[in-house]
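Below is one structure, written out as C-alpha cells; the observations come after it.
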Protein chains: 4
Amino acid sequence: MLIILHPDTDISSEAYRETLNFIDALPGVSSKVHEIQGQQQKLTEIYLLGDTKKLNAEELEALPAVERVVRISEEYRILGRHADSKRTTGFHYNGLTFDQDSFHVFAGLCAVDNPTHVEEMMRALKENGQQCTRMGAYKPRTNPYTFQGHGKDCLPYVFELAGKYDIKVIAMEITHESHIEEIDECLEKTGRPTGVMLQIGTRNTQNFELLKAIGRQKEYPALLKRGFGISLNESLNAAEYLASEGNANVVFCLRGMKTDGGAPHRNLVDFAHVPVIKRLTRMPVCVDPSHSVGNHERAPDGILEVTHATAQGIIAGANMVLVDFHPHPSKALVDGPQALTMPDLPAFLEDANLCRETYLKRQTIYKKAK
Amino acid sequence: MLIILHPDTDISSEAYRETLNFIDALPGVSSKVHEIQGQQQKLTEIYLLGDTKKLNAEELEALPAVERVVRISEEYRILGRHADSKRTTGFHYNGLTFDQDSFHVFAGLCAVDNPTHVEEMMRALKENGQQCTRMGAYKPRTNPYTFQGHGKDCLPYVFELAGKYDIKVIAMEITHESHIEEIDECLEKTGRPTGVMLQIGTRNTQNFELLKAIGRQKEYPALLKRGFGISLNESLNAAEYLASEGNANVVFCLRGMKTDGGAPHRNLVDFAHVPVIKRLTRMPVCVDPSHSVGNHERAPDGILEVTHATAQGIIAGANMVLVDFHPHPSKALVDGPQALTMPDLPAFLEDANLCRETYLKRQTIYKKAK
Amino acid sequence: MLIILHPDTDISSEAYRETLNFIDALPGVSSKVHEIQGQQQKLTEIYLLGDTKKLNAEELEALPAVERVVRISEEYRILGRHADSKRTTGFHYNGLTFDQDSFHVFAGLCAVDNPTHVEEMMRALKENGQQCTRMGAYKPRTNPYTFQGHGKDCLPYVFELAGKYDIKVIAMEITHESHIEEIDECLEKTGRPTGVMLQIGTRNTQNFELLKAIGRQKEYPALLKRGFGISLNESLNAAEYLASEGNANVVFCLRGMKTDGGAPHRNLVDFAHVPVIKRLTRMPVCVDPSHSVGNHERAPDGILEVTHATAQGIIAGANMVLVDFHPHPSKALVDGPQALTMPDLPAFLEDANLCRETYLKRQTIYKKAK
Amino acid sequence: MLIILHPDTDISSEAYRETLNFIDALPGVSSKVHEIQGQQQKLTEIYLLGDTKKLNAEELEALPAVERVVRISEEYRILGRHADSKRTTGFHYNGLTFDQDSFHVFAGLCAVDNPTHVEEMMRALKENGQQCTRMGAYKPRTNPYTFQGHGKDCLPYVFELAGKYDIKVIAMEITHESHIEEIDECLEKTGRPTGVMLQIGTRNTQNFELLKAIGRQKEYPALLKRGFGISLNESLNAAEYLASEGNANVVFCLRGMKTDGGAPHRNLVDFAHVPVIKRLTRMPVCVDPSHSVGNHERAPDGILEVTHATAQGIIAGANMVLVDFHPHPSKALVDGPQALTMPDLPAFLEDANLCRETYLKRQTIYKKAK
C-alpha cells in the first residue's frame with residue numbers, strides 16, 4: 001500500500017509526525033519513505049510493506065498529512081502506476097524534464113570513434129536546436145575479439161565538446177559499475193559541462209547487480225533498455241531493481257525483440273508497447289528505431305524504414321527517441337549500416353516534430369469525444 | 001526476366017507480333033503473358049522463364065512493343081518489385097482503387113451474429129461516410145467445440161444490408177474453396193448489391209491448396225493475412241501462390257506475430273513492416289490492429305491501445321485498416337473484448353484521417369529534402 | 001462427462017437400453033456415442049454434453065452397462081486423458097498396433113522421385129525387417145515455383161512396390177481433401193497391396209477444413225504434425241478436430257519448433273514433449289528427427305545429429321519414428337541434405353532398438369522404485 | 001591460425017626457441033601462447049593473430065617443436081574445434097576430469113536455505129556414491145522484492161558439510177565478481193574442504209564484464225549457462241569471453257529456451273544441441289533438466305518428465321547433469337515445484353547410469369558400422 005502525502009509536507013511538522021506515528025503503530029506492517037524532488041515541489045510517498053491487506057484506506061486518508069492512498073501490487077512497487085492515472089511521472093535532470101508528457105530526441109553516435117566525428121555530430125545538433133545526444137564509449141559486443149569502445153579515454157573530449165555545443169544530456173551505455181565512477185570523475189574534472197543519462201543495454205537488462213549499483217546512486221538518471229528475449233513484465237521488473245535501491249529516475253527504452261519474425265529488420269519493432277508502459281508504469285518511454293530496424297533501406301515513398309519506425313513510436317506518445325547518426329557511416333566502427341547521416345538530420349527532426357504535433361492533436365480528438 | 005509492354009499494346013498489332021516472335025525464338029526460354037486491366041489502360045507483362053541469365057536487356061528493350069525490361073528474382077516473381085520502384089501496384093474493384101497510394105478503413109464485425117447487429121454496423125458506417133466493412137461468416141477456431149460462424153446462412157442478409165447502406169466491399173474470411181462458390185452464388189442471387197474481398201486467415205497462410213483455389217478465380221480480390229509464426233519472406237511467398245495461379249489482386253495484411261514478447265498484447269504488433277512490404281512487393285498493405293493488440297485497454301493519454309496501433313500503421317503508409325467494431329461487445333460471439341463500439345467510430349475515423357494526412361505531409365518533407 | 005461401458009456391451013441388451021434411457025432422461029444433457037473397435041474387443045464410450053456439472057458420477061457408475069465414469073474438460077474431449085491414466089490409447093490398422101506402448105520406425109523417402117528409388121528403399125526396408133515406410137507424393141512448398149511432388153501419378157507404383165516388399169503402412173502427406181479419394185481409388189485399383197496413414201503437415205495443422213475432411217472418413221488413420229509456430233495446446237486441439245468428426249485414430253508427431261533458438265539445426269527439436277503428449281492425450285507419439293534437425297552433421301563421437309535426436313525421442317517413450325532416407329541424397333528433389341543413406345539403415349535400426357530396450361528398462365527402474 | 005606443439009615441449013629447449021623465433025619473424029603476425037596443464041602432460045598452443053591467410057601450414061608443421069597446425073576461424077578462437085576432431089577437450093579440477101568423454105551428475109539444492117537441508121542433501125549424495133553437487137547461494141531473481149539467496153553467509157557451512165561428505169566440486173552460481181573473492185576467502189578459511197565451479201546463469205550469459213572477471217582467474221572452472229533468448233552462436237561466443245581472458249576451463253550448460261513453444265514446460269528443452277556443441281567446441285556439455293522442464297509431472301509410464309529430459313541429454317552424450325533436489329520441496333525457498341526428492345535419488349542415478357551405458361554402446365554401433 002502506498003500513502004502519498006500532501007505536496008511539500010514538512011517532515012518536522014506535527015501533521016507529519018502524527019501520520020508517521022500512526023503508521024509505525026500498525027501491527028505487522030513496516031514502512032519505507034521515498035522522496036521525489038520535483039522542479040516546483042517535493043513529493044513524499046510512504047510504502048507500507050507486510051500485512052497490508054486488512055488496512056482501511058479511508059482511515060489512512062483521514063490522517064493529517066495524507067493526500068491519497070493507493071493499493072499497490074507486489075510488481076513494480078515504486079515505478080508502477082497501480083491503475084492510478086494521476087500518479088506523477090518522470091523527473092528533472094540538468095534543466096530538462098523527462099516525464100510521460102515530455103519529448104526529446106537523442107541523436108548521436110552509436111560508438112564514439114574520434115574527436116572529429118564527435119564534434120561534427122555535436123555541431124550539427126546545436127545547429128538544429130538539440131540539447132541531447134547519445135554517445136557510446138563502452139560497447140558490449142557479442143564477439144570478444146571485436147572493438148569494445150574507447151572507454152574512459154574518450155570521455156574528456158566527449159564531455160568538453162558537449163559543453164562547447166550546449167548539449168545538456170548524453171545517453172551513455174555502461175556495462176560495469178566502475179564506469180559510473182569513471183564518468184563521474186571525468187565530469188568533475190572537466191567542470192561538469194554536460195550531464196549523463198546512464199544507459200543499460202539489452203544484454204544487461206537482467207544484470208541485477210549492475211542495476212543495483214546504478215540504483216544506489218542518485219546523481220545520474222538511468223535509461224533501461226528492454227530485454228530483447230524476455231517478457232515486457234520481466235523487463236519492467238528489472239527497472240524496479242533501480243527504484244528499489246533508491247533511484248526512480250528511469251526512462252524505459254523499447255528497442256525491438258529478437259525473433260525471426262522481425263527479418264528483414266534486425267529485430268521485430270515493438271513500439272506498440274509505448275502506451276502499455278505508460279499505462280503500467282510511471283516511466284517516460286523512449287524508442288530506439290536504429291537498433292530495432294537495423295538497416296538503411298528506403299521505402300518507395302522515399303522515407304527510410306528507420307524513420308518510419310521513429311514516426312510510429314512518436315505517434316503513439318513516445319517521450320524520447322534514441323537514434324544513431326554518423327558523419328561517415330562507412331567509417332563507423334560499430335553499426336554503421338543503420339546510421340543516418342548529417343544531411344538526414346533536419347528532415348528527421350522536422351518529421352519527428354510533425355508526428356509529435358499530430359500525437360498531441362490525437363489526444364484532443366479523444367478528449368473531445370468523451 | 002520481365003518484359004513490360006507499352007500501355008494498351010494491341011495484341012493484334014504488328015509490333016506485338018514481332019515482339020512475341022522474337023521472344024518465342026529465344027533458346028531455352030519459355031514465356032507467360034500476364035495482363036493487368038487498370039482503370040484507364042491495359043498493361044501487358046511477359047515473364048520469361050528458364051535460361052534468362054544470358055539475355056541482353058537492351059536488345060529486348062529495342063523490340064517494337066517493349067517499354068521496359070526488369071530482371072526479376074525467383075521469389076515473388078509476379079508480386080515482387082524486384083527493386084523497381086516504378087512498377088504499378090494494386091488493382092481496382094467494384095469502383096474502388098486498392099494500391100500502394102490508396103487508403104481505406106474496413107471497420108466491421110469480427111463474426112456476424114445476427115441481422116440487427118449487422119444493420120447497426122452498416123448504418124453507422126454509412127453515417128460516417130464509409131464504403132467498406134469486414135464481416136466474418138466463416139470462423140476458424142482453435143477448439144472444435146466452439147462457435148464456427150454462421151457460414152452461408154448469414155450471407156443473404158449481410159449482402160442485402162451492405163447494398164442498402166452503400167457498402168461496396170466486404171472483407172470476408174473463407175476457410176474452404178467451397179466458400180467462394182457459396183459467396184458467388186449468394187451475391188448473384190441477391191443481385192450483387194456489394195463486393196467481396198476474400199480474406200485468408202493467419203492459420204491458412206500456408207494452406208497452399210486454398211490459395212491456389214482463390215488464385216484460380218479472378219472475380220474477387222484477396223486479402224492475405226501474414227502467418228503469425230513464419231517469416232515475412234514465407235508469407236510473401238504464400239501471396240505469390242495466388243498470383244502464380246492467375247489472381248494478382250492481392251492485399252497483404254499485417255496482424256501481429258505470435259511470441260511471448262507481445263504480452264500483454266495478444267500478439268507482437270508488426271506494423272514496422274508496412275514500408276518493407278511496399279519495398280519488396282507491389283501489394284497494397286493492410287493492418288489489423290484488433291487481432292494484433294487484442295485488448296480494450298486505454299493509455300493514460302485517453303487513447304485505446306488498439307487505436308494507437310492503428311495510428312502506427314497509418315503513419316507509416318498503411319493502405320487499409322481492418323478493425324473490429326461491435327454494437328454490443330459483451331454479446332459478441334467471438335473476440336468481443338477487443339472490439340471498439342459504435343460511439344468510438346467517429347473519433348476513430350477522425351484520428352485515422354489525421355494520421356493519413358500526416359503521412360502524406362511526411363512524404364513531402366522527404367521529397368523536399370532530396 | 002464420459003461414460004465408458006463394459007467392453008463388448010451389446011447394444012441390443014437390456015443393460016444397454018436401460019443405461020441409454022437413463023441418460024436420455026437427464027435434463028439439459030445431450031449424448032454422443034463413440035465406438036472403438038479394438039483387436040480383441042469393442043469399446044463403447046458415451047460423451048455427455050451440456051449441463052453436466054451437477055451429475056452424480058457414482059449414480060451413473062451404478063447403471064448396468066457402465067464400467068467407469070470420467071469427468072472431462074472441454075479441451076481434447078475425445079483424445080484427452082483427462083487425468084485418467086487407465087484410458088485406452090491408440091488403434092489397430094492393417095495388422096499393426098499403434099498405441100502408447102507400440103514402437104514402429106517409418107523410414108522412407110521425403111518425396112517420391114522415381115520407381116527405381118522407391119524400389120531401392122522398399123527392398124532395403126524388407127531386408128531390415130521393416131513393415132512401415134514414409135513416401136511423399138504431395139509436397140507443400142514455400143515457393144510456388146518449386147517442385148510440388150508427383151501427386152497421384154506416382155501412387156500406383158508406390159503402392160505396388162510396397163505390396164511387393166510386404167510394407168503394411170505408408171505414411172503419406174496430403175494437402176487437399178481430394179487426395180484422400182485419389183489414394184483410396186488407387187489402392188482399390190491396385191488391390192489394396194498396402195495401407196496408408198494420412199499425414200497432415202505442419203503448415204496445415206490448423207487447416208481445420210482439411211482436418212474435418214480427414215476426420216469424416218474412418219478408413220485411414222491420421223498422422224498429425226505439430227504446428228511449428230503455435231502452442232502445444234493449440235496443436236492438440238487441432239488433433240481433436242479429427243476426433244470430433246469421427247476419426248480418433250490419430251498419431252501425433254513432434255517435428256521441431258520454428259525459432260532462431262534452433263540454429264544450426266533447422267528447427268528447435270521438441271522431443272521433451274513426448275511424455276507430455278502421453279500424459280495429456282491418448283494418442284501414440286511420433287517423432288520426426290529429419291525435419292527437426294535438418295542437417296547431416298556428425299558429432300565427434302561418430303554419430304549423426306539426426307540420429308542423436310532419434311535416440312532422444314525413443315529414450316523418452318516415442319511410439320513411432322518418421323525419418324528420411326534416400327538412396328542418392330544428392331539427387332533427391334526435396335530435402336536431400338537431411339536424408340540418411342541406405343548403408344546407414346542397419347546401424348540406425350540397431351541403435352533405435354537399443355534405445356527402445358533401454359526405455360523399457362527405464363520403466364522397470366521406476367516401477368521397482370515405487 | 002593455431003600451432004599445437006608436441007606434448008611436454010620444454011620451453012627452454014632449442015626446438016622451442018627455434019620455433020618461436022621463426023614465428024616472431026613472420027611479418028604482420030603476432031602470437032599468443034596458451035598452456036594447458038593436463039593430468040599427464042602439458043600442452044602448448046600458439047595462436048597466430050593478424051595476417052595469417054598467406055601462411056603456409058606445411059612450412060609451419062616442419063618446425064621442430066610443432067606437432068600440428070589448425071586453421072581457426074575468428075569465432076570461438078580458443079574454445080572452438082575448428083573442424084578438428086582431434087583437439088583436446090576439457091580439464092581437470094580437484095581430482096576430477098571434465099571433458100567430452102567424462103560423465104558427472106551434480107544433484108543438489110537450487111537455493112541453499114539452511115544447514116539441515118544442506119546436510120541431508122550431502123549425506124544422500126555420499127550414500128549414493130556422488131562426488132559433486134549444486135548449491136545456490138547467490139540467486140538472481142526477476143522481482144527485486146523476492147528472496148535473493150543467503151549469499152556469503154551460508155558459504156562456511158556449505159563448504160564444511162561438503163568436505164564432511166567428500167563432495168569434491170560444488171557448482172555455485174555467482175552474479176557479481178565480488179562473489180569470486182567471497183568464495184575464495186571462505187574456502188581458504190575453511191581449509192579448502194571442497195572445490196567450486198563458478199556458474200553463470202542464463203540472465204548473465206552476455207554480462208561480458210562478469211565473464212571477463214571470471215576469465216581473469218584460473219583457480220576455479222566455469223559453468224556457463226546458455227542464454228535463453230539468444231542464438232547458440234551468441235552463447236558460444238560468450239563462453240569465448242572466458243577463454244579470451246585466460247580461463248578455458250569452461251563447461252557449457254543447456255537449460256532450455258524461452259519460447260511459448262515450450263509450454264507446459266517452463267522452457268523448450270534444447271538438449272538436441274548436446275552433440276552440436278561437441279562438434280563446434282571443445283567444451284564438455286552439461287544439461288539442466290530442472291530449469292528446462294520446470295514441473296514435477298509424471299508421464300503415464302511412471303517416469304517424471306524432468307527425468308525423461310535427463311535421459312534425453314545423456315543418451316546424446318551429455319557430460320554433466322545439473323539437477324535440483326530438495327529434502328522438502330514444499331519448504332524450498334526457490335523453485336520447489338521442480339525439485340526431485342531424496343527418495344527419488346537412487347532411481348534417478350540408476351536411470352542416468354543406464355542411459356550413459358547405452359550411450360557408450362551407441363558409439364560402438366556406429367564405430368562398427370564404418
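Residues in the C-alpha cells are numbered from 1 in each chain, the chains being A, B, ... in the order shown, and ligands are numbered from 1 in the order shown.
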
Handout entry: Expected answer as a PyMOL selection string: chain B residues within 8 Å of chain A, only C-alpha atoms
Key = chain B and resi 85+229-232+257+260-264+268-270+272+275-276+278-279+298-303+305+308-309+311-313+315-316+347+350-351+354-355+358+362-363+365-367+369

Practice task
Excluding segment 162-170 of chain D and any residue of its chain fewer than 6 positions from it, enumerate the residues within 6 Å of it, using only C-alpha atoms, and give them as a list in words.
Solution key: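 Contacts, in chain order: Lys126, Gln131, Cys132, Thr133, Arg134, Pro193, Thr194, Gly195, Val196 and Met197 of chain D.
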
Exercise for the section: Tell me which protein, DNA and RNA residues are within 9 Å of Gly38 of chain C, counting only C-alpha atoms, leaving out same-chain ones fewer than 5 positions away, and put them as a VMD selection string. Expected result: chain C and resid 43 91 to 92

Just the residues within 10 Å of Gln338 of chain A, please, counting only C-alpha atoms, with nothing from its chain fewer than 6 positions along; format it as a short mmCIF file (atom, residue, chain, number, x, y, z; two decimals) with C-alpha atoms, in the first residue's frame.
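Once everything was written out, this is selection-v3.cif:
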data_model
loop_
_atom_site.label_atom_id
_atom_site.label_comp_id
_atom_site.auth_asym_id
_atom_site.auth_seq_id
_atom_site.Cartn_x
_atom_site.Cartn_y
_atom_site.Cartn_z
CA CYS A 110 26.39 4.59 -31.52
CA ARG A 266 17.29 -6.67 -37.29
CA PRO A 289 14.49 2.84 -34.03
CA SER A 290 18.11 2.31 -35.09
CA HIS A 291 18.70 -0.95 -33.25
CA SER A 292 15.15 -2.14 -33.89
CA VAL A 293 15.23 -1.73 -37.65
CA GLY A 294 18.97 -2.01 -38.19
CA ASN A 295 19.08 -1.18 -41.87
CA HIS A 296 19.22 1.82 -44.17
CA GLU A 297 16.52 0.74 -46.61
CA VAL A 306 14.18 3.53 -39.63
CA VAL A 323 18.79 7.32 -32.84
CA ASP A 324 22.13 6.61 -34.49
CA PHE A 325 23.71 9.22 -36.74
CA HIS A 326 27.21 9.23 -38.08
CA PRO A 329 28.67 5.68 -41.70
#

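All residues of segment 200-370 of chain D that DSSP, run on the backbone, classes as strand (DSSP E) are D:Ile200, D:Ala222, D:Leu223, D:Leu224, D:Lys225, D:Val250, D:Val251, D:Phe252, D:Cys253, D:Leu254, D:Val285, D:Cys286, D:Val287, D:Met320, D:Val321, D:Leu322, D:Val323, D:Asp324.
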
Keeping only all heavy atoms, take the residues you just selected and write them out as a compact mmCIF listing (two decimals), in the first residue's frame.
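The file below, result.txt, is the result:
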# COMPACT_ATOMS: atom_id res chain seq x y z
N ILE D 200 27.55 -19.32 -14.26
CA ILE D 200 26.98 -18.06 -14.74
C ILE D 200 25.59 -18.38 -15.27
O ILE D 200 25.42 -19.22 -16.15
CB ILE D 200 27.84 -17.45 -15.87
CG1 ILE D 200 29.26 -17.22 -15.38
CG2 ILE D 200 27.22 -16.13 -16.37
CD1 ILE D 200 30.28 -18.14 -16.00
N ALA D 222 34.60 -22.70 -14.87
CA ALA D 222 33.32 -22.02 -15.02
C ALA D 222 32.29 -22.94 -15.66
O ALA D 222 32.63 -23.82 -16.46
CB ALA D 222 33.50 -20.77 -15.88
N LEU D 223 31.04 -22.72 -15.28
CA LEU D 223 29.92 -23.44 -15.88
C LEU D 223 29.00 -22.36 -16.45
O LEU D 223 28.33 -21.65 -15.71
CB LEU D 223 29.18 -24.23 -14.79
CG LEU D 223 27.91 -24.97 -15.20
CD1 LEU D 223 28.22 -26.06 -16.21
CD2 LEU D 223 27.21 -25.59 -13.98
N LEU D 224 28.99 -22.23 -17.78
CA LEU D 224 28.24 -21.15 -18.41
C LEU D 224 26.91 -21.67 -18.94
O LEU D 224 26.87 -22.57 -19.78
CB LEU D 224 29.03 -20.55 -19.57
CG LEU D 224 28.32 -19.42 -20.33
CD1 LEU D 224 28.14 -18.19 -19.45
CD2 LEU D 224 29.08 -19.06 -21.59
N LYS D 225 25.83 -21.07 -18.46
CA LYS D 225 24.52 -21.46 -18.98
C LYS D 225 24.25 -20.72 -20.28
O LYS D 225 24.58 -19.54 -20.44
CB LYS D 225 23.44 -21.14 -17.95
CG LYS D 225 23.53 -22.04 -16.72
CD LYS D 225 22.19 -22.59 -16.39
CE LYS D 225 22.23 -23.44 -15.14
NZ LYS D 225 20.89 -23.53 -14.55
N VAL D 250 35.99 -24.37 -19.13
CA VAL D 250 34.58 -24.00 -19.18
C VAL D 250 33.72 -25.20 -19.56
O VAL D 250 34.04 -25.92 -20.50
CB VAL D 250 34.35 -22.89 -20.24
CG1 VAL D 250 32.91 -22.40 -20.18
CG2 VAL D 250 35.32 -21.73 -20.04
N VAL D 251 32.66 -25.39 -18.79
CA VAL D 251 31.63 -26.36 -19.17
C VAL D 251 30.44 -25.54 -19.67
O VAL D 251 30.10 -24.51 -19.08
CB VAL D 251 31.18 -27.22 -17.96
CG1 VAL D 251 30.06 -28.17 -18.35
CG2 VAL D 251 32.37 -27.97 -17.38
N PHE D 252 29.83 -25.97 -20.76
CA PHE D 252 28.70 -25.24 -21.33
C PHE D 252 27.42 -25.97 -20.98
O PHE D 252 27.30 -27.18 -21.20
CB PHE D 252 28.87 -25.15 -22.85
CG PHE D 252 27.90 -24.22 -23.50
CD1 PHE D 252 28.17 -22.86 -23.58
CD2 PHE D 252 26.69 -24.69 -24.01
CE1 PHE D 252 27.26 -21.99 -24.18
CE2 PHE D 252 25.78 -23.83 -24.61
CZ PHE D 252 26.08 -22.47 -24.69
N CYS D 253 26.43 -25.24 -20.49
CA CYS D 253 25.22 -25.89 -19.96
C CYS D 253 23.95 -25.50 -20.72
O CYS D 253 23.58 -24.32 -20.76
CB CYS D 253 25.06 -25.54 -18.48
SG CYS D 253 23.66 -26.37 -17.72
N LEU D 254 23.27 -26.48 -21.27
CA LEU D 254 21.96 -26.27 -21.90
C LEU D 254 20.90 -26.26 -20.82
O LEU D 254 20.93 -27.08 -19.91
CB LEU D 254 21.69 -27.38 -22.91
CG LEU D 254 22.65 -27.41 -24.10
CD1 LEU D 254 22.48 -28.69 -24.90
CD2 LEU D 254 22.41 -26.19 -24.99
N VAL D 285 29.77 -30.75 -22.16
CA VAL D 285 28.40 -30.23 -22.23
C VAL D 285 27.58 -30.72 -21.05
O VAL D 285 27.52 -31.93 -20.78
CB VAL D 285 27.73 -30.64 -23.54
CG1 VAL D 285 26.33 -30.02 -23.62
CG2 VAL D 285 28.58 -30.21 -24.73
N CYS D 286 26.95 -29.79 -20.38
CA CYS D 286 26.07 -30.10 -19.25
C CYS D 286 24.62 -29.88 -19.67
O CYS D 286 24.34 -29.05 -20.53
CB CYS D 286 26.43 -29.15 -18.09
SG CYS D 286 25.43 -29.34 -16.61
N VAL D 287 23.69 -30.61 -19.07
CA VAL D 287 22.27 -30.32 -19.27
C VAL D 287 21.63 -30.06 -17.91
O VAL D 287 22.00 -30.66 -16.91
CB VAL D 287 21.52 -31.47 -19.98
CG1 VAL D 287 22.02 -31.64 -21.41
CG2 VAL D 287 21.63 -32.78 -19.21
N MET D 320 27.51 -33.93 -18.22
CA MET D 320 27.23 -33.46 -16.87
C MET D 320 25.74 -33.18 -16.80
O MET D 320 25.13 -32.77 -17.79
CB MET D 320 28.05 -32.18 -16.66
CG MET D 320 28.16 -31.71 -15.24
SD MET D 320 29.38 -30.33 -15.15
CE MET D 320 28.47 -29.30 -14.00
N VAL D 321 25.16 -33.47 -15.62
CA VAL D 321 23.75 -33.19 -15.39
C VAL D 321 23.65 -32.33 -14.14
O VAL D 321 24.20 -32.69 -13.11
CB VAL D 321 22.93 -34.47 -15.20
CG1 VAL D 321 21.48 -34.15 -14.88
CG2 VAL D 321 23.03 -35.38 -16.42
N LEU D 322 22.96 -31.21 -14.25
CA LEU D 322 22.73 -30.32 -13.12
C LEU D 322 21.27 -30.46 -12.77
O LEU D 322 20.41 -30.15 -13.60
CB LEU D 322 23.02 -28.88 -13.59
CG LEU D 322 23.31 -27.81 -12.57
CD1 LEU D 322 24.66 -28.06 -11.90
CD2 LEU D 322 23.33 -26.45 -13.26
N VAL D 323 20.97 -30.93 -11.57
CA VAL D 323 19.56 -31.24 -11.30
C VAL D 323 19.19 -30.87 -9.86
O VAL D 323 19.97 -31.04 -8.93
CB VAL D 323 19.28 -32.74 -11.60
CG1 VAL D 323 20.17 -33.65 -10.77
CG2 VAL D 323 17.81 -33.09 -11.39
N ASP D 324 17.99 -30.31 -9.73
CA ASP D 324 17.51 -29.85 -8.42
C ASP D 324 16.90 -30.97 -7.61
O ASP D 324 15.97 -31.64 -8.06
CB ASP D 324 16.40 -28.78 -8.60
CG ASP D 324 16.93 -27.48 -9.13
OD1 ASP D 324 18.14 -27.38 -9.39
OD2 ASP D 324 16.11 -26.55 -9.30
